[in-house]
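Asks: What follows is a single structure, and I will ask about it in a moment.
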Amino acid sequence: MGLLSRITSPSDVRALPQEKLDDLAAEVRDFLVEKVSTTGGHLGPNLGVVELTIALHRVFESPKDPLIFDTSHQSYVHKILTGRADKFDTLRQKGGLSGYTDRGESEHDWTESSHASAALSYADGMAKAFALTDQIDRKVVAVVGDGALTGGMCWEALNNIAADKTRNIVIVVNDNGRSYSPTIGGFANSLADLRTQPFYDKVMEQGKSTLNSMGWVGKRTFEVMHALKEGVKYHVIPTEMFPELNMKYVGPVDGHNIQALEHAFKYAKGYTGPIIIHCVTQKGRGYAPAENKTSDLMHSTGAIDPVTGVPLAKSQRSWTDVFTEELLEAGARRDDIVAITAAMAGPTGLAKFGEKFPDRLFDVGIAEQHATTSAAGLALGGLHPVVALYSTFMNRAFDQLLMDVGLLHLPVTLVLDRSGITGSDGASHNGVWDMSIAGIVPGMRLAAPRDDVRLRKQFNEAIEYENGPTIVRFPKGALVPVIDAVDTLDGGIDVIYRSDRANRAQSILIVSIGALAGECVAAAKKLEEEGLAVDVIDPGWAIPVSPVISELATSYDMVVTVEDGVIHGGVGSMIDTVCDENGVDTPVRIIAVPQKFLRHASRSEVLTDLGMDAEGIAESIRTWSGISAEEENTTASVHFLRATGSSGAKGSIFKD
């Protein structure tokens, strides 16, 4: 690895002579392509911040000067330069490196959540803490993408940061014109103006005497300083971009010129008060397959051929593909169907809808709260909006879902992709909270399809419902085998497995919620062979709980619910409550995700560790039914604890 083999800490980066830095950057890019092509991960964003990250570590002294990466999917280079290069073969693998910053990995990592637009608020609080504890020699550096700056939380933070001119915060805007897809909105347009029409150059050339001839520019006062190096210029930030903030602004800086970046960062380090460094970078830089993939510049990729960038695994039809097809058909059928994306039209399946109906797709940027209330406005205007989000990102829009949509009983449909265990992206990407959140909203209806046939059916039922909000959730990845119903009961409840009850010691009813239906049926077959009578039902529409389930419960010795969501406030607990309210004393046992943050691993690995695969479900039921072997069974004990949500559950899947 040449130079890279000598980098074990930021001090090694600082010790390199200037003339070696471009060689280091080239080695880092080659290393990224080599490793990420094998493990998968966020390749494009990291290729774009190589020089930027090198310069940050040469000027600032991590961890004394905290480096906070917003979203942090672009932190791979930071990990390499802080001594973790030797672990990159384990990136996003069980027990290996996280795909985001992780406090358990290194003292150089300060945050863990991979949700966007939070870095500036962290920085604001940390800078205040340092000031109050007389650590005035420490700088807090927040690296935030232009896409994340479309999120309202950034602007709330900026409003506070600007209020104290002594606060030592360096805001590095990584401006590549992208979030996942091209960044949209007025702020993005302002940055683009700075990039492509640098009026500060006009000022430099024409002098201050010409300000009055420059229209609106002449109405503002600019502080013009000489360039420290070509591509680095200073002025007071235009009030059109950050109204009333009056924060010091430096840039645009060539984000791939290490010397220019160092000049800008050294200026920021010596400056008292908050300062913005605007760096223009190229996502996917230096790797032709990424640069040529215009849709997302290889934002995130699975295993690929490192030379061609072609995926190694054959593409499989996904849940998202099925949703896209149904949405297109609905859009052609109904003029009132509109769609909203929070900067992720491609990943959530809305891109083709936008191509066919460009006037009916609205990209609001990384702003889920706004997306939800804007959907409420569309519904008030007589349309039926479909808001497509990753499940985990709906969490931040709970207030809007409750008060702006639910309270008004508006016909808004949320389609939640990546629901349940997502796996390799770790704790903050798992979509396990949506059903608990949805259950709080009065009048909310939530469907958890077990396969693509039910997804098509339940999505269309959702958009036909006009008396309140609906949610349709489905997991990440390839489709699961279709499971046909053997019977359909009142309320649309499907019986998907029915065992022979003759001469059986106990009867068990499994209520399967969503895509784990196959695991539930497999568990039922195992248990039937062992002497239990086990039936499996799928309510389809999981929220609200159908009273038919409590009626069915009276005919069984035990009800077991299985759901790919958290146990606290989940569908299982709702079923237990309904049974209690109706005087049904059949015990309800719950198999669900425990109240823990989960470490990254594949979806199947996490489900197995949680006891939510077929064998784990069967073993939990054996334990509760008293048919397990007399001898101690450690695995079964752990399954039992996890299934009941006990804090005693343990294992490598849980974060410490």
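In the structure tokens, each chain is lettered A, B, ... as it comes, each chain's residues begin at 1, and ligands are numbered from 1 in order of appearance.
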Please provide as a PDB file with C-alpha atoms, in the first residue's frame all residues within 8 Å of A:Tyr287, with the sequence filter that same-chain residues fewer than 4 positions apart are discarded (counting only C-alpha atoms).
Replies:
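Final output, around_16.pdb:
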```pdb
ATOM      1  CA  VAL A  33     -12.410   0.734  -4.802  1.00  0.00           C
ATOM      2  CA  LEU A  47     -14.378   8.912  -3.422  1.00  0.00           C
ATOM      3  CA  GLU A 291     -18.389   9.147 -12.546  1.00  0.00           C
TER       4      GLU A 291
END
```
Asks: Please provide the set of residues having any atom within 9 Å of stretch 113-123 of chain A, restricted to only C-alpha atoms, with same-chain residues fewer than 5 positions apart removed, written as a count of residues only.
Replies: 42
Asks: At a cut-off of 10 Å, using only C-alpha atoms, what residues contact A:Arg504? Leave out same-chain residues fewer than 3 positions from it and give the result as a list in words.
Replies: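 Contacts, with the query itself left out: Ser499, Asp500, Arg501, Ser507, Glu528, Glu530, Gly531, Leu532, Ala533 and Val534 of chain A.
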Asks: Excluding A:Val559 and residues on its chain fewer than 5 positions from it, collect all residues at most 7 Å away from it, counting only C-alpha atoms, and give them as a list in words.
Replies: Ile508, Leu509, Ile510, Ala553, Thr586, Pro587, Val588 and Arg589 of chain A
Asks: When DSSP is applied to the backbone of this structure, which of stretch 278-341 of chain A are assigned strand (DSSP E)? Write them out as a ChimeraX atom specification.
Replies: /A:278-280,337-341
Asks: DSSP on the backbone: which residues in stretch 404-635 of chain A end up as alpha helix (DSSP H)? Give the answer as a ChimeraX atom specification.
Replies: /A:434-440,452-464,517-529,547-553,571-581,603-609,614-625,634-635
Asks: Show me, as a list in words, the residues that have an atom within 8 Å of A:Ile513 when counting only C-alpha atoms, minus same-chain residues fewer than 6 positions from it.
Replies: Ala448, Pro449, Arg450, Asp538, Pro539, Gly540, Ala542, Thr561, Val562, Glu563 and Asp564 of chain A
Asks: What's around stretch 75-85 of chain A at 6 Å? Count only C-alpha atoms, leave out sequence neighbours fewer than 5 positions away in its own chain, and write the answer as a PDB file with all heavy atoms, in the first residue's frame.
Replies:
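Saved result, result-v8.pdb, follows:
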```pdb
ATOM      1  N   THR A   8      -1.240   5.238  10.524  1.00  0.00           N
ATOM      2  CA  THR A   8      -1.947   4.575  11.618  1.00  0.00           C
ATOM      3  C   THR A   8      -2.716   5.560  12.485  1.00  0.00           C
ATOM      4  O   THR A   8      -3.483   5.153  13.353  1.00  0.00           O
ATOM      5  CB  THR A   8      -0.966   3.793  12.507  1.00  0.00           C
ATOM      6  OG1 THR A   8      -0.007   4.706  13.055  1.00  0.00           O
ATOM      7  CG2 THR A   8      -0.253   2.717  11.699  1.00  0.00           C
ATOM      8  N   SER A   9      -2.498   6.861  12.266  1.00  0.00           N
ATOM      9  CA  SER A   9      -3.184   7.887  13.047  1.00  0.00           C
ATOM     10  C   SER A   9      -3.082   9.210  12.305  1.00  0.00           C
ATOM     11  O   SER A   9      -2.255   9.350  11.381  1.00  0.00           O
ATOM     12  CB  SER A   9      -2.548   8.032  14.435  1.00  0.00           C
ATOM     13  OG  SER A   9      -1.273   8.646  14.326  1.00  0.00           O
ATOM     14  N   PRO A  10      -3.877  10.198  12.673  1.00  0.00           N
ATOM     15  CA  PRO A  10      -3.792  11.504  12.008  1.00  0.00           C
ATOM     16  C   PRO A  10      -2.415  12.154  12.104  1.00  0.00           C
ATOM     17  O   PRO A  10      -2.036  12.928  11.210  1.00  0.00           O
ATOM     18  CB  PRO A  10      -4.853  12.335  12.744  1.00  0.00           C
ATOM     19  CG  PRO A  10      -5.845  11.334  13.218  1.00  0.00           C
ATOM     20  CD  PRO A  10      -5.030  10.137  13.591  1.00  0.00           C
TER      21      PRO A  10
END
```
Asks: Could you pull the residues within 9 Å of A:Phe398, counting only C-alpha atoms, minus those fewer than 3 positions along the same chain, as number ranges by chain?
Replies: A: 369, 394-395, 401-403, 437-438
Asks: Okay, now the selection with all heavy atoms, as an mmCIF file, in the first residue's frame?
Replies:
```
data_model
loop_
_atom_site.group_PDB
_atom_site.id
_atom_site.type_symbol
_atom_site.label_atom_id
_atom_site.label_comp_id
_atom_site.auth_asym_id
_atom_site.auth_seq_id
_atom_site.Cartn_x
_atom_site.Cartn_y
_atom_site.Cartn_z
ATOM 1 N N GLN A 369 -40.184 15.726 7.615
ATOM 2 C CA GLN A 369 -41.253 16.437 8.314
ATOM 3 C C GLN A 369 -42.068 17.261 7.323
ATOM 4 O O GLN A 369 -43.300 17.214 7.299
ATOM 5 C CB GLN A 369 -40.671 17.360 9.401
ATOM 6 C CG GLN A 369 -39.859 16.644 10.463
ATOM 7 C CD GLN A 369 -38.380 16.695 10.179
ATOM 8 O OE1 GLN A 369 -37.935 16.495 9.052
ATOM 9 N NE2 GLN A 369 -37.585 16.951 11.197
ATOM 10 N N MET A 394 -38.969 7.792 8.642
ATOM 11 C CA MET A 394 -40.283 8.281 9.053
ATOM 12 C C MET A 394 -40.280 8.690 10.520
ATOM 13 O O MET A 394 -41.112 9.494 10.954
ATOM 14 C CB MET A 394 -41.356 7.210 8.825
ATOM 15 C CG MET A 394 -42.770 7.713 9.074
ATOM 16 S SD MET A 394 -43.982 6.404 9.376
ATOM 17 C CE MET A 394 -43.540 5.872 11.022
ATOM 18 N N ASN A 395 -39.340 8.150 11.292
ATOM 19 C CA ASN A 395 -39.327 8.441 12.733
ATOM 20 C C ASN A 395 -39.339 9.935 13.005
ATOM 21 O O ASN A 395 -39.998 10.411 13.937
ATOM 22 C CB ASN A 395 -38.074 7.833 13.380
ATOM 23 C CG ASN A 395 -38.011 6.326 13.252
ATOM 24 O OD1 ASN A 395 -38.977 5.694 12.852
ATOM 25 N ND2 ASN A 395 -36.874 5.753 13.583
ATOM 26 N N LEU A 401 -47.055 13.406 11.299
ATOM 27 C CA LEU A 401 -47.971 12.304 11.018
ATOM 28 C C LEU A 401 -49.147 12.317 11.989
ATOM 29 O O LEU A 401 -50.297 12.096 11.600
ATOM 30 C CB LEU A 401 -47.216 10.974 11.116
ATOM 31 C CG LEU A 401 -47.984 9.705 10.746
ATOM 32 C CD1 LEU A 401 -48.419 9.737 9.294
ATOM 33 C CD2 LEU A 401 -47.129 8.473 11.014
ATOM 34 N N LEU A 402 -48.841 12.601 13.247
ATOM 35 C CA LEU A 402 -49.874 12.596 14.281
ATOM 36 C C LEU A 402 -50.806 13.799 14.163
ATOM 37 O O LEU A 402 -52.030 13.655 14.101
ATOM 38 C CB LEU A 402 -49.220 12.577 15.664
ATOM 39 C CG LEU A 402 -50.152 12.588 16.873
ATOM 40 C CD1 LEU A 402 -50.940 11.283 16.955
ATOM 41 C CD2 LEU A 402 -49.350 12.802 18.161
ATOM 42 N N MET A 403 -50.206 15.001 14.132
ATOM 43 C CA MET A 403 -50.998 16.223 14.264
ATOM 44 C C MET A 403 -51.446 16.834 12.942
ATOM 45 O O MET A 403 -52.494 17.470 12.876
ATOM 46 C CB MET A 403 -50.200 17.270 15.051
ATOM 47 C CG MET A 403 -49.967 16.865 16.490
ATOM 48 S SD MET A 403 -51.557 16.663 17.359
ATOM 49 C CE MET A 403 -50.995 16.053 18.948
ATOM 50 N N ILE A 437 -44.907 3.268 16.204
ATOM 51 C CA ILE A 437 -45.257 4.676 15.972
ATOM 52 C C ILE A 437 -46.655 4.779 15.379
ATOM 53 O O ILE A 437 -47.484 5.586 15.815
ATOM 54 C CB ILE A 437 -44.219 5.328 15.047
ATOM 55 C CG1 ILE A 437 -42.887 5.501 15.787
ATOM 56 C CG2 ILE A 437 -44.717 6.675 14.525
ATOM 57 C CD1 ILE A 437 -41.745 5.947 14.903
ATOM 58 N N ALA A 438 -46.932 3.953 14.370
ATOM 59 C CA ALA A 438 -48.229 4.017 13.703
ATOM 60 C C ALA A 438 -49.373 3.708 14.661
ATOM 61 O O ALA A 438 -50.460 4.291 14.565
ATOM 62 C CB ALA A 438 -48.255 3.042 12.529
#
```
Asks: So, with only C-alpha atoms as the atoms that count, which of A:Ala379, A:Val412, A:Ile340, A:Leu350 lies closest to A:Phe362?
Replies: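 That would be A:Ile340, the residue with the smallest distance to A:Phe362.
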Asks: Please, what distance in Å, to one decimal, runs between atom CA of A:Leu516 and atom CA of A:Ile471?
Replies: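 Between atom CA of A:Leu516 and atom CA of A:Ile471 the gap is 18.1 Å.
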Asks: So which one's closest to A:Pro385, A:Gly44, A:Pro311, A:Gly273, A:Pro411? Using only C-alpha atoms, please.
Replies: A:Pro411
Asks: Kindly indicate which residue among A:Glu368, A:Glu51, A:Asp404, A:Asp494 lies nearest to A:Tyr390, using only C-alpha atoms for the distances.
Replies: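 For A:Tyr390, the nearest of the candidates is A:Glu368.
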